[in-house]
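Next comes coords.pdb, a file with PDB, C-alpha atoms.
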ATOM      1  CA  MET A   1     172.729 -10.856-101.504
ATOM      2  CA  GLY A   2     172.003 -11.800-104.950
ATOM      3  CA  ILE A   3     170.366  -8.472-105.510
ATOM      4  CA  GLU A   4     173.188  -6.671-103.834
ATOM      5  CA  LYS A   5     175.647  -8.491-106.011
ATOM      6  CA  LEU A   6     173.601  -7.755-109.094
ATOM      7  CA  LYS A   7     173.234  -4.152-108.044
ATOM      8  CA  GLY A   8     177.012  -3.935-107.394
ATOM      9  CA  SER A   9     177.734  -5.641-110.692
ATOM     10  CA  LEU A  10     175.384  -3.283-112.553
ATOM     11  CA  LEU A  11     176.890  -0.286-110.792
ATOM     12  CA  ALA A  12     180.388  -1.496-111.622
ATOM     13  CA  GLU A  13     179.438  -1.957-115.284
ATOM     14  CA  ALA A  14     177.743   1.419-115.319
ATOM     15  CA  GLN A  15     180.832   2.975-113.726
ATOM     16  CA  GLU A  16     183.028   1.213-116.274
ATOM     17  CA  ASP A  17     180.804   2.423-119.122
ATOM     18  CA  ALA A  18     180.798   5.914-117.605
ATOM     19  CA  ASP A  19     184.604   5.848-117.324
ATOM     20  CA  LYS A  20     184.857   4.665-120.945
ATOM     21  CA  ILE A  21     182.441   7.387-122.096
ATOM     22  CA  ALA A  22     184.296  10.018-120.034
ATOM     23  CA  ALA A  23     187.649   8.828-121.402
ATOM     24  CA  SER A  24     186.238   8.864-124.931
ATOM     25  CA  ALA A  25     184.783  12.350-124.374
ATOM     26  CA  GLN A  26     188.085  13.593-122.951
ATOM     27  CA  GLY A  27     189.890  12.143-125.977
ATOM     28  CA  GLN A  28     187.440  13.806-128.325
ATOM     29  CA  ALA A  29     187.797  17.072-126.385
ATOM     30  CA  ARG A  30     191.602  16.836-126.668
ATOM     31  CA  SER A  31     191.267  16.048-130.362
ATOM     32  CA  ILE A  32     188.895  19.010-130.916
ATOM     33  CA  THR A  33     191.174  21.263-128.853
ATOM     34  CA  ASP A  34     194.210  20.155-130.865
ATOM     35  CA  GLU A  35     192.317  20.772-134.123
ATOM     36  CA  GLU A  36     191.265  24.244-132.963
ATOM     37  CA  ARG A  37     194.804  25.049-131.843
ATOM     38  CA  ALA A  38     196.085  23.944-135.268
ATOM     39  CA  LYS A  39     193.404  26.072-136.972
ATOM     40  CA  CYS A  40     194.302  29.051-134.759
ATOM     41  CA  SER A  41     197.977  28.538-135.502
ATOM     42  CA  ALA A  42     197.257  28.378-139.269
ATOM     43  CA  ILE A  43     195.055  31.490-139.061
ATOM     44  CA  ARG A  44     197.757  33.303-137.049
ATOM     45  CA  LYS A  45     200.414  32.334-139.621
ATOM     46  CA  GLU A  46     198.157  33.518-142.460
ATOM     47  CA  ALA A  47     197.511  36.784-140.613
ATOM     48  CA  GLU A  48     201.234  37.277-139.975
ATOM     49  CA  ALA A  49     201.962  36.555-143.657
ATOM     50  CA  GLU A  50     199.253  39.033-144.690
ATOM     51  CA  VAL A  51     200.627  41.677-142.331
ATOM     52  CA  GLU A  52     204.141  41.089-143.689
ATOM     53  CA  ARG A  53     202.834  41.361-147.265
ATOM     54  CA  LEU A  54     201.006  44.596-146.415
ATOM     55  CA  VAL A  55     204.108  46.021-144.718
ATOM     56  CA  VAL A  56     206.267  45.179-147.759
ATOM     57  CA  GLU A  57     203.623  46.565-150.103
ATOM     58  CA  GLN A  58     203.328  49.780-148.095
ATOM     59  CA  ARG A  59     207.123  50.129-147.878
ATOM     60  CA  ASN A  60     207.412  49.696-151.661
ATOM     61  CA  GLU A  61     204.617  52.189-152.217
ATOM     62  CA  ARG A  62     206.288  54.754-149.967
ATOM     63  CA  LEU A  63     209.649  54.186-151.642
ATOM     64  CA  ALA A  64     208.051  54.642-155.069
ATOM     65  CA  TRP A  65     206.358  57.827-153.863
ATOM     66  CA  ALA A  66     209.637  59.119-152.405
ATOM     67  CA  ARG A  67     211.472  58.395-155.677
ATOM     68  CA  LEU A  68     208.743  60.153-157.646
ATOM     69  CA  GLU A  69     208.811  63.097-155.274
ATOM     70  CA  SER A  70     212.597  63.356-155.517
ATOM     71  CA  ARG A  71     212.359  63.326-159.325
ATOM     72  CA  ARG A  72     209.739  66.077-159.160
ATOM     73  CA  ILE A  73     211.927  68.158-156.865
ATOM     74  CA  MET A  74     214.946  67.613-159.120
ATOM     75  CA  ALA A  75     212.905  68.584-162.187
ATOM     76  CA  GLU A  76     211.654  71.720-160.432
ATOM     77  CA  SER A  77     215.194  72.603-159.374
ATOM     78  CA  ARG A  78     216.466  72.136-162.907
ATOM     79  CA  GLU A  79     213.568  74.184-164.248
ATOM     80  CA  ASP A  80     214.323  76.958-161.745
ATOM     81  CA  ALA A  81     218.007  76.920-162.745
ATOM     82  CA  ILE A  82     217.158  77.082-166.458
ATOM     83  CA  LYS A  83     214.589  79.834-165.845
ATOM     84  CA  GLY A  84     217.182  81.801-163.877
ATOM     85  CA  VAL A  85     219.727  81.506-166.686
ATOM     86  CA  LEU A  86     217.128  82.491-169.306
ATOM     87  CA  ASP A  87     216.046  85.465-167.192
ATOM     88  CA  ASP A  88     219.690  86.511-166.855
ATOM     89  CA  PHE A  89     220.146  86.056-170.601
ATOM     90  CA  PHE A  90     217.067  88.155-171.320
ATOM     91  CA  GLY A  91     218.410  90.780-168.914
ATOM     92  CA  GLU A  92     221.699  90.798-170.808
ATOM     93  CA  LEU A  93     219.788  91.609-174.005
ATOM     94  CA  LYS A  94     219.266  95.102-172.575
ATOM     95  CA  GLY A  95     222.949  95.782-173.156
ATOM     96  CA  ALA A  96     222.977  94.179-176.608
ATOM     97  CA  ARG A  97     222.356  97.498-178.380
ATOM     98  CA  LYS A  98     225.839  98.639-177.419
ATOM     99  CA  THR A  99     227.637  95.734-179.087
ATOM    100  CA  GLN A 100     229.222  95.501-182.513
ATOM    101  CA  GLN A 101     227.133  92.402-183.323
ATOM    102  CA  TYR A 102     223.952  94.432-182.804
ATOM    103  CA  LYS A 103     225.168  97.068-185.255
ATOM    104  CA  LYS A 104     225.922  94.348-187.834
ATOM    105  CA  PHE A 105     222.537  92.744-187.192
ATOM    106  CA  MET A 106     220.706  96.039-187.694
ATOM    107  CA  GLY A 107     222.607  96.671-190.893
ATOM    108  CA  SER A 108     222.235  93.270-192.534
ATOM    109  CA  ALA A 109     219.008  91.725-191.160
ATOM    110  CA  VAL A 110     216.930  94.879-191.519
ATOM    111  CA  ALA A 111     218.229  95.511-195.054
ATOM    112  CA  LYS A 112     217.454  91.909-196.029
ATOM    113  CA  ALA A 113     213.932  92.107-194.559
ATOM    114  CA  ALA A 114     213.266  95.428-196.273
ATOM    115  CA  ALA A 115     214.402  93.972-199.601
ATOM    116  CA  GLU A 116     212.001  91.031-199.170
ATOM    117  CA  LEU A 117     209.032  93.311-198.450
ATOM    118  CA  GLY A 118     209.720  95.606-201.387
ATOM    119  CA  ASP A 119     209.990  99.367-201.793
ATOM    120  CA  ASP A 120     208.579 102.004-199.484
ATOM    121  CA  VAL A 121     208.726  99.945-196.322
ATOM    122  CA  THR A 122     208.279 101.447-192.894
ATOM    123  CA  ILE A 123     210.919 100.522-190.347
ATOM    124  CA  HIS A 124     210.113 100.937-186.674
ATOM    125  CA  VAL A 125     213.176 101.113-184.407
ATOM    126  CA  VAL A 126     213.983 102.021-180.819
ATOM    127  CA  LYS A 127     214.935 105.638-180.318
ATOM    128  CA  GLY A 128     218.634 106.071-181.126
ATOM    129  CA  ASP A 129     218.876 103.121-183.564
ATOM    130  CA  LYS A 130     218.189 105.118-186.774
ATOM    131  CA  SER A 131     221.890 105.703-187.255
ATOM    132  CA  LEU A 132     222.567 101.946-187.288
ATOM    133  CA  LEU A 133     220.521 101.365-190.443
ATOM    134  CA  PRO A 134     222.425 101.142-193.745
ATOM    135  CA  ALA A 135     222.316 104.001-196.242
ATOM    136  CA  SER A 136     220.783 101.634-198.833
ATOM    137  CA  LEU A 137     217.444 102.045-197.020
ATOM    138  CA  LYS A 138     217.024 105.682-198.081
ATOM    139  CA  ASP A 139     213.598 104.961-199.655
ATOM    140  CA  ALA A 140     212.316 103.493-196.390
ATOM    141  CA  THR A 141     210.417 105.458-193.804
ATOM    142  CA  VAL A 142     212.149 105.105-190.459
ATOM    143  CA  VAL A 143     210.159 105.754-187.298
ATOM    144  CA  ASP A 144     211.760 105.594-183.861
ATOM    145  CA  ASP A 145     208.615 104.640-181.949
ATOM    146  CA  LEU A 146     209.450 101.053-181.020
ATOM    147  CA  LYS A 147     209.349 100.165-177.344
ATOM    148  CA  GLY A 148     211.532  97.345-176.116
ATOM    149  CA  LEU A 149     215.102  96.133-175.997
ATOM    150  CA  GLY A 150     215.990  96.789-179.623
ATOM    151  CA  GLY A 151     215.743  95.429-183.116
ATOM    152  CA  ALA A 152     213.291  96.523-185.763
ATOM    153  CA  LEU A 153     209.782  95.966-187.041
ATOM    154  CA  ILE A 154     209.541  96.239-190.836
ATOM    155  CA  GLU A 155     206.159  96.812-192.553
ATOM    156  CA  SER A 156     205.310  96.598-196.220
ATOM    157  CA  ALA A 157     204.008  99.763-197.911
ATOM    158  CA  ASP A 158     200.392  98.544-197.788
ATOM    159  CA  GLY A 159     200.756  97.378-194.158
ATOM    160  CA  LYS A 160     199.686  93.807-194.949
ATOM    161  CA  PHE A 161     203.041  92.211-194.143
ATOM    162  CA  ARG A 162     205.298  92.653-191.154
ATOM    163  CA  MET A 163     208.626  91.198-190.200
ATOM    164  CA  ASP A 164     209.309  91.299-186.505
ATOM    165  CA  LEU A 165     213.048  91.452-185.859
ATOM    166  CA  THR A 166     212.779  92.825-182.339
ATOM    167  CA  LEU A 167     215.157  91.277-179.845
ATOM    168  CA  GLU A 168     212.218  90.097-177.743
ATOM    169  CA  SER A 169     210.566  88.206-180.616
ATOM    170  CA  LEU A 170     213.887  86.758-181.785
ATOM    171  CA  PHE A 171     214.539  85.564-178.234
ATOM    172  CA  GLU A 172     211.064  84.030-177.961
ATOM    173  CA  SER A 173     211.351  82.257-181.319
ATOM    174  CA  SER A 174     214.694  80.782-180.238
ATOM    175  CA  ARG A 175     213.686  80.121-176.630
ATOM    176  CA  ASP A 176     213.349  76.337-177.022
ATOM    177  CA  GLU A 177     216.726  75.991-178.728
ATOM    178  CA  ILE A 178     218.392  78.276-176.178
ATOM    179  CA  ARG A 179     216.685  76.290-173.438
ATOM    180  CA  LYS A 180     218.139  73.020-174.793
ATOM    181  CA  GLN A 181     221.604  74.548-174.958
ATOM    182  CA  VAL A 182     221.322  75.863-171.398
ATOM    183  CA  TYR A 183     220.168  72.432-170.191
ATOM    184  CA  GLU A 184     223.122  70.735-171.872
ATOM    185  CA  LYS A 185     225.576  73.242-170.425
ATOM    186  CA  LEU A 186     224.161  73.015-166.909
ATOM    187  CA  PHE A 187     223.373  69.315-166.644
ATOM    188  CA  GLY A 188     225.383  67.506-169.322
ATOM    189  CA  SER A 189     223.362  65.137-171.567
TER     190      SER A 189
END
Translate this structure into structure tokens?
Amino acid sequence: MGIEKLKGSLLAEAQEDADKIAASAQGQARSITDEERAKCSAIRKEAEAEVERLVVEQRNERLAWARLESRRIMAESREDAIKGVLDDFFGELKGARKTQQYKKFMGSAVAKAAAELGDDVTIHVVKGDKSLLPASLKDATVVDDLKGLGGALIESADGKFRMDLTLESLFESSRDEIRKQVYEKLFGS
């Protein structure tokens, strides 16, 4: 029985050692599992934070784009309104020849331009505007060959200098100032 006892004792020790090793391995496995769960939890939290950051970033980007787009649309609308007013204004110039201010303009501005260019000037006017020129321009050659809304084109005797007082060119030269005035009237500031 001595061998049986020894064998039983060795088996009991081996079982005890095996139980200790198994318990230690299970503890290590739990520890590794807990570490991995903690790592997974940290990675998940980082991923959620990254997703939240991306969502906020994308929302801000879309809001910025929407604001920019609304400004563009507002600017286009304002531009369309100003263009419409300027087109209407230009259309109203067609009736300007019938006004008293036009008659005064033709009398004073054309006479002043002719005086600056010297004697023997040639004045081009729209058909029917000859009668609006002052009598002081008797030395000038008046030709009613001008096409357009009205006004006059005055040339020096040698043809080197011209003064364009047509309504179209006067409108174009004042377009920016008129545009500013229209903007202020329509939109304040």
When the PyMOL selection byres ((chain A and resi 97) around 12) is applied to the structure above, which residues does it catch, written out as a tab-separated table (two decimals) with C-alpha atoms, keeping the file's coordinate frame?
chain	number	residue	atom	x	y	z
A	92	GLU	CA	221.70	90.80	-170.81
A	93	LEU	CA	219.79	91.61	-174.00
A	94	LYS	CA	219.27	95.10	-172.58
A	95	GLY	CA	222.95	95.78	-173.16
A	96	ALA	CA	222.98	94.18	-176.61
A	98	LYS	CA	225.84	98.64	-177.42
A	99	THR	CA	227.64	95.73	-179.09
A	100	GLN	CA	229.22	95.50	-182.51
A	101	GLN	CA	227.13	92.40	-183.32
A	102	TYR	CA	223.95	94.43	-182.80
A	103	LYS	CA	225.17	97.07	-185.26
A	104	LYS	CA	225.92	94.35	-187.83
A	105	PHE	CA	222.54	92.74	-187.19
A	106	MET	CA	220.71	96.04	-187.69
A	125	VAL	CA	213.18	101.11	-184.41
A	126	VAL	CA	213.98	102.02	-180.82
A	127	LYS	CA	214.94	105.64	-180.32
A	128	GLY	CA	218.63	106.07	-181.13
A	129	ASP	CA	218.88	103.12	-183.56
A	132	LEU	CA	222.57	101.95	-187.29
A	148	GLY	CA	211.53	97.34	-176.12
A	149	LEU	CA	215.10	96.13	-176.00
A	150	GLY	CA	215.99	96.79	-179.62
A	151	GLY	CA	215.74	95.43	-183.12
A	152	ALA	CA	213.29	96.52	-185.76
A	166	THR	CA	212.78	92.82	-182.34
A	167	LEU	CA	215.16	91.28	-179.84
For this file, the PyMOL selection byres ((chain A and resi 156) around 12) selects which residues, as a PDB file with C-alpha atoms, keeping the file's coordinate frame?
ATOM      1  CA  ALA A 113     213.932  92.107-194.559  1.00  0.00           C
ATOM      2  CA  ALA A 114     213.266  95.428-196.273  1.00  0.00           C
ATOM      3  CA  ALA A 115     214.402  93.972-199.601  1.00  0.00           C
ATOM      4  CA  GLU A 116     212.001  91.031-199.170  1.00  0.00           C
ATOM      5  CA  LEU A 117     209.032  93.311-198.450  1.00  0.00           C
ATOM      6  CA  GLY A 118     209.720  95.606-201.387  1.00  0.00           C
ATOM      7  CA  ASP A 119     209.990  99.367-201.793  1.00  0.00           C
ATOM      8  CA  ASP A 120     208.579 102.004-199.484  1.00  0.00           C
ATOM      9  CA  VAL A 121     208.726  99.945-196.322  1.00  0.00           C
ATOM     10  CA  THR A 122     208.279 101.447-192.894  1.00  0.00           C
ATOM     11  CA  ILE A 123     210.919 100.522-190.347  1.00  0.00           C
ATOM     12  CA  HIS A 124     210.113 100.937-186.674  1.00  0.00           C
ATOM     13  CA  ALA A 140     212.316 103.493-196.390  1.00  0.00           C
ATOM     14  CA  THR A 141     210.417 105.458-193.804  1.00  0.00           C
ATOM     15  CA  LEU A 153     209.782  95.966-187.041  1.00  0.00           C
ATOM     16  CA  ILE A 154     209.541  96.239-190.836  1.00  0.00           C
ATOM     17  CA  GLU A 155     206.159  96.812-192.553  1.00  0.00           C
ATOM     18  CA  ALA A 157     204.008  99.763-197.911  1.00  0.00           C
ATOM     19  CA  ASP A 158     200.392  98.544-197.788  1.00  0.00           C
ATOM     20  CA  GLY A 159     200.756  97.378-194.158  1.00  0.00           C
ATOM     21  CA  LYS A 160     199.686  93.807-194.949  1.00  0.00           C
ATOM     22  CA  PHE A 161     203.041  92.211-194.143  1.00  0.00           C
ATOM     23  CA  ARG A 162     205.298  92.653-191.154  1.00  0.00           C
ATOM     24  CA  MET A 163     208.626  91.198-190.200  1.00  0.00           C
ATOM     25  CA  ASP A 164     209.309  91.299-186.505  1.00  0.00           C
TER      26      ASP A 164
END
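Distance annotation: of A:Leu137, A:Phe90, A:Val142, A:Glu184, the residue with the minimal separation from A:Glu172 is A:Phe90; atom set is only C-alpha atoms.
As for atom CA of A:Asp144 and atom CA of A:Lys130, they are spaced 7.1 Å apart.
Across the structure, atom CA of A:Gly2 and atom CA of A:Ile21 are spaced 27.8 Å apart.
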Residue rebuild result stretch 114-149 of chain A, N, CA and C atoms as a short mmCIF file (atom, residue, chain, number, x, y, z; two decimals), in the frame of the given file:
data_model
loop_
_atom_site.label_atom_id
_atom_site.label_comp_id
_atom_site.auth_asym_id
_atom_site.auth_seq_id
_atom_site.Cartn_x
_atom_site.Cartn_y
_atom_site.Cartn_z
N ALA A 114 213.84 94.35 -195.47
CA ALA A 114 213.27 95.43 -196.27
C ALA A 114 213.27 95.04 -197.75
N ALA A 115 214.33 94.40 -198.20
CA ALA A 115 214.40 93.97 -199.60
C ALA A 115 213.32 92.93 -199.89
N GLU A 116 213.03 92.05 -198.96
CA GLU A 116 212.00 91.03 -199.17
C GLU A 116 210.60 91.63 -199.23
N LEU A 117 210.36 92.70 -198.48
CA LEU A 117 209.03 93.31 -198.45
C LEU A 117 208.83 94.34 -199.55
N GLY A 118 209.86 94.69 -200.26
CA GLY A 118 209.72 95.61 -201.39
C GLY A 118 210.05 97.05 -201.04
N ASP A 119 209.70 97.94 -201.96
CA ASP A 119 209.99 99.37 -201.79
C ASP A 119 209.03 100.01 -200.80
N ASP A 120 209.40 101.17 -200.37
CA ASP A 120 208.58 102.00 -199.48
C ASP A 120 208.14 101.29 -198.21
N VAL A 121 209.04 100.61 -197.59
CA VAL A 121 208.73 99.94 -196.32
C VAL A 121 208.82 100.96 -195.19
N THR A 122 208.17 100.64 -194.09
CA THR A 122 208.28 101.45 -192.89
C THR A 122 209.04 100.62 -191.88
N ILE A 123 210.08 101.22 -191.32
CA ILE A 123 210.92 100.52 -190.35
C ILE A 123 210.75 101.22 -189.00
N HIS A 124 210.28 100.42 -188.04
CA HIS A 124 210.11 100.94 -186.67
C HIS A 124 211.32 100.48 -185.86
N VAL A 125 212.00 101.43 -185.22
CA VAL A 125 213.18 101.11 -184.41
C VAL A 125 213.05 101.81 -183.06
N VAL A 126 213.90 101.38 -182.13
CA VAL A 126 213.98 102.02 -180.82
C VAL A 126 214.71 103.35 -181.00
N LYS A 127 214.32 104.32 -180.23
CA LYS A 127 214.94 105.64 -180.32
C LYS A 127 216.45 105.51 -180.19
N GLY A 128 217.18 106.11 -181.13
CA GLY A 128 218.63 106.07 -181.13
C GLY A 128 219.22 105.04 -182.08
N ASP A 129 218.37 104.17 -182.67
CA ASP A 129 218.88 103.12 -183.56
C ASP A 129 218.81 103.50 -185.04
N LYS A 130 218.28 104.69 -185.37
CA LYS A 130 218.19 105.12 -186.77
C LYS A 130 219.56 105.12 -187.43
N SER A 131 220.54 105.57 -186.70
CA SER A 131 221.89 105.70 -187.26
C SER A 131 222.53 104.35 -187.57
N LEU A 132 221.99 103.27 -187.06
CA LEU A 132 222.57 101.95 -187.29
C LEU A 132 222.08 101.31 -188.58
N LEU A 133 221.07 101.92 -189.20
CA LEU A 133 220.52 101.36 -190.44
C LEU A 133 221.42 101.74 -191.62
N PRO A 134 221.55 100.86 -192.60
CA PRO A 134 222.42 101.14 -193.74
C PRO A 134 221.85 102.24 -194.64
N ALA A 135 222.72 102.91 -195.35
CA ALA A 135 222.32 104.00 -196.24
C ALA A 135 221.46 103.49 -197.39
N SER A 136 221.55 102.20 -197.71
CA SER A 136 220.78 101.63 -198.83
C SER A 136 219.28 101.66 -198.57
N LEU A 137 218.87 101.99 -197.35
CA LEU A 137 217.44 102.04 -197.02
C LEU A 137 216.91 103.47 -197.10
N LYS A 138 217.43 104.27 -198.00
CA LYS A 138 217.02 105.68 -198.08
C LYS A 138 215.57 105.86 -198.51
N ASP A 139 215.00 104.86 -199.24
CA ASP A 139 213.60 104.96 -199.66
C ASP A 139 212.65 104.56 -198.52
N ALA A 140 213.15 103.97 -197.50
CA ALA A 140 212.32 103.49 -196.39
C ALA A 140 211.98 104.64 -195.45
N THR A 141 210.82 104.52 -194.84
CA THR A 141 210.42 105.46 -193.80
C THR A 141 210.85 104.86 -192.47
N VAL A 142 211.65 105.60 -191.73
CA VAL A 142 212.15 105.10 -190.46
C VAL A 142 211.48 105.89 -189.33
N VAL A 143 210.87 105.14 -188.42
CA VAL A 143 210.16 105.75 -187.30
C VAL A 143 210.77 105.18 -186.02
N ASP A 144 211.15 106.07 -185.12
CA ASP A 144 211.76 105.59 -183.86
C ASP A 144 210.72 105.58 -182.73
N ASP A 145 209.70 104.74 -182.92
CA ASP A 145 208.62 104.64 -181.95
C ASP A 145 208.52 103.26 -181.29
N LEU A 146 209.49 102.42 -181.54
CA LEU A 146 209.45 101.05 -181.02
C LEU A 146 209.83 101.04 -179.54
N LYS A 147 209.05 100.34 -178.77
CA LYS A 147 209.35 100.16 -177.34
C LYS A 147 209.96 98.78 -177.17
N GLY A 148 210.95 98.66 -176.37
CA GLY A 148 211.53 97.34 -176.12
C GLY A 148 213.04 97.41 -176.02
N LEU A 149 213.66 96.25 -176.17
CA LEU A 149 215.10 96.13 -176.00
C LEU A 149 215.90 96.51 -177.23
#
